[in-house]
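Take a look at the structure set out below.
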Amino acid sequence: MKALCWHGKGDVRCESVPDPKIEDPKDVIIKVTSTCICGSDLHLYDNYMPTMQAGDILGHEPMGEIVEVGSAVTKLKKSDRVVVPFDIACGECWFCQKQLYSCCDTTNPNAKLAAAAMGHAPAGLYGYSHLTGGYAGGQAQFLRVVRAEANVLKLPDGVPDEKAVFLSDIFPTGYMAAENANIQPGDTVAVWGCGPVGQFCIQSAWMLGAGRVIAIDRVPERLKMAEKYGRAEVVNMDEVNVYDTLQEKTKGRGPDGCIDAVGCEAHGTGTVDAVLDKGKALVGLTTDRAHVLREAIMCCRKAGTVSIPGVYVGFPDKIPMGAAMNKGLTLRMGQTHTQRYMGKLLDRIMSNEIDPSFVITHRLKLEDGPAAYKTFRDKQDGCIKVVLKP
Amino acid sequence: MISATLTESRHPIKTSLPAGTDATPPKPLATFLGLFSLGLGLAEALTPRGMADTTGVRSPNLLRVYGVREIVSGVGILASRDPAVWLWTRVGGDALDLATLAGAYRAAGDRDRHRIMASAVAVLGVTVLDVLCAADHTFDPVEN
């Protein structure tokens, strides 16, 4: 089959690789019908995530049609259309029983390595380094889905791929981020980053009762999307001082909830801390460029909440914990417990409350993947969300 | 409820990328030269007397200035997505280094002349790499 394989910094290739096989009775194999490039894939593309190996298959936002089922699979059958969440749960461990699926204790075969790096091992993830299990990813023609019945969302007839595929990651991620922001009716919520996850944070903030949503970015087409589809007040960080603007908009109190949908590769144009981050990252003195997290902590109102769906990978420097502590902030974060949200967000799609396909800017062939990575990373050609059709 | 509903007028979805969009893998020589520049620059800026002993060029203040130049070039190469211009600044720096070594050779004693000759050979070697890499990035630019 064809698959997008990682070969180093900025080096993704569309290659022929062996087809996946059933390895466990609980596995299924799907023929991938739609798969996306995620913003967090760019952390792999830019080589920020350790433990990648040449030839690793990328991708963690797939959906498709079941073509083979393991002997222990009873509730799924061939030809079922399913969405595959990016995190792999067993459905049985202490964490899965509490619906903390991305913390699953059993699906990361490299748990010792991950525990050495993080204290404890998170769940296995598709196509996201060997620290998270080394599972082959979904930017491929076929995918082995592990513990299928505990994870996949079976789609009813009539739901098109492009409305459903984002249930694999970015829609639940945006929703959980908004939930983590502890939004109360009428709250003002600020969202840093108007990439796909940021767009779903904005949508979800409204769903959870926000009174105002303020979106911050530097890319005009992303701000335009936030304004058009998200009805957000937009702030271009290249044109104004973000802290001053947010305080002005909230009469000096600060936003009630602040969402960092950027993560470890923040730009922070021209700010001293962002320039220092970039220099330190170049010579290996920091793993993450945390400008947005710093800014969110500084901007958030006293006793407010900072929610972090943006991915951090290691040891970011100079996080203003003094400000967070003395302002009484709540910080909430984590990989999304996708399985917890897929069903109820599908209900919202089916009731036409939201059509997630509004984020799509490019629909391309799998062979276009390497160029699509570069285009997406460099924010060229108005690229916000790429759906690949293997 | 405010959300992106089916009734929104949608932007068109693109089904191809602009002509000429490629995904050529990065060229690691530029990264090597950037790190080399940074390392050499730090050595010259922070330990100019030690570098004067090594190279035979007995002008620590000049070496400190050259160190800053190397650091700027190194950061430029590593931070830039199109490092061609920064690579050409290295080529210019190489020419300056060779001129400086030639000047120092005339005023040096026998012991320093050996060191200066060794330094000149090293600079010439790096110059070849710098020219090749700068030309490659100029005529076939890719992401660094």
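By order in the structure tokens, chains are A, B, ...; within a chain, residues start at 1; ligands start at 1, following the order shown.
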Residues near segment 58-74 of chain B, cut-off 9 Å, only C-alpha atoms, skip fewer than 2 positions along chain, as a ChimeraX atom specification: /B:31,33-53,55-56,76-79,86-87,89-90,93,97,104,108,112
Limited to C-alpha atoms, could you put the picked residues into a file as an mmCIF file, in the first residue's frame?
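Saved result, part_7.cif, follows:
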```cif
data_model
loop_
_atom_site.group_PDB
_atom_site.id
_atom_site.type_symbol
_atom_site.label_atom_id
_atom_site.label_comp_id
_atom_site.auth_asym_id
_atom_site.auth_seq_id
_atom_site.Cartn_x
_atom_site.Cartn_y
_atom_site.Cartn_z
ATOM 1 C CA THR B 31 22.498 23.000 9.124
ATOM 2 C CA LEU B 33 27.533 25.004 8.459
ATOM 3 C CA GLY B 34 25.131 26.984 10.642
ATOM 4 C CA LEU B 35 26.125 25.027 13.742
ATOM 5 C CA PHE B 36 29.810 25.250 12.764
ATOM 6 C CA SER B 37 29.501 29.021 12.386
ATOM 7 C CA LEU B 38 27.798 29.297 15.757
ATOM 8 C CA GLY B 39 30.433 27.158 17.492
ATOM 9 C CA LEU B 40 33.393 28.940 15.912
ATOM 10 C CA GLY B 41 31.802 32.321 16.623
ATOM 11 C CA LEU B 42 31.271 31.524 20.290
ATOM 12 C CA ALA B 43 34.887 30.328 20.580
ATOM 13 C CA GLU B 44 36.214 33.518 18.941
ATOM 14 C CA ALA B 45 33.944 35.847 20.914
ATOM 15 C CA LEU B 46 34.437 34.227 24.313
ATOM 16 C CA THR B 47 38.078 33.045 24.129
ATOM 17 C CA PRO B 48 39.815 35.364 21.624
ATOM 18 C CA ARG B 49 43.267 34.867 23.177
ATOM 19 C CA GLY B 50 42.992 31.102 22.928
ATOM 20 C CA MET B 51 41.891 31.437 19.306
ATOM 21 C CA ALA B 52 44.800 33.820 18.672
ATOM 22 C CA ASP B 53 47.177 31.092 19.925
ATOM 23 C CA THR B 55 45.339 30.515 14.521
ATOM 24 C CA GLY B 56 48.491 32.570 14.864
ATOM 25 C CA GLY B 76 20.758 33.419 10.312
ATOM 26 C CA ILE B 77 21.424 30.094 8.587
ATOM 27 C CA LEU B 78 19.726 28.020 11.284
ATOM 28 C CA ALA B 79 16.726 30.291 11.742
ATOM 29 C CA TRP B 86 23.231 33.895 5.063
ATOM 30 C CA LEU B 87 25.379 31.248 3.394
ATOM 31 C CA THR B 89 27.651 36.038 4.095
ATOM 32 C CA ARG B 90 29.759 33.094 5.213
ATOM 33 C CA GLY B 93 33.487 36.087 5.786
ATOM 34 C CA ASP B 97 39.414 35.578 7.017
ATOM 35 C CA ALA B 104 49.102 38.319 9.648
ATOM 36 C CA ALA B 108 54.428 36.816 11.913
ATOM 37 C CA ASP B 112 53.003 31.612 14.023
#
```
Alpha helix (DSSP H) call set, DSSP backbone run, segment 140-318 of chain A, as an MDAnalysis selection string: chainID A and resid 148:151 161:164 170:180 196:207 220:228 242:249 272:282 291:299
What are the closest atom pairs, with distances in Å to one decimal, for all residues of chain A lying within 6 Å of chain B? Consider only C-alpha atoms, order rows by chain and residue number, and present the result as JSON lines.
```
{"residue": "A:Gly10", "atom": "CA", "partner": "B:Pro25", "partner_atom": "CA", "distance": 6.0}
{"residue": "A:Asp11", "atom": "CA", "partner": "B:Pro25", "partner_atom": "CA", "distance": 4.7}
{"residue": "A:Gln203", "atom": "CA", "partner": "B:Ser3", "partner_atom": "CA", "distance": 5.6}
{"residue": "A:Tyr229", "atom": "CA", "partner": "B:Ala4", "partner_atom": "CA", "distance": 5.1}
{"residue": "A:Ile354", "atom": "CA", "partner": "B:Thr5", "partner_atom": "CA", "distance": 4.7}
{"residue": "A:Asp355", "atom": "CA", "partner": "B:Thr5", "partner_atom": "CA", "distance": 5.3}
{"residue": "A:Thr361", "atom": "CA", "partner": "B:Ile13", "partner_atom": "CA", "distance": 4.8}
{"residue": "A:His362", "atom": "CA", "partner": "B:Lys14", "partner_atom": "CA", "distance": 4.6}
{"residue": "A:Arg363", "atom": "CA", "partner": "B:Thr15", "partner_atom": "CA", "distance": 4.9}
{"residue": "A:Leu364", "atom": "CA", "partner": "B:Thr15", "partner_atom": "CA", "distance": 5.3}
{"residue": "A:Pro370", "atom": "CA", "partner": "B:Ala23", "partner_atom": "CA", "distance": 5.5}
{"residue": "A:Ala371", "atom": "CA", "partner": "B:Ala23", "partner_atom": "CA", "distance": 4.6}
```
Who sits within 10 Å of segment 171-187 of chain A, only C-alpha atoms, same chain under 6 positions skipped, as an MDAnalysis selection string: chainID A and resid 85 164:165 196:213 255:261 304:310 330:346 356
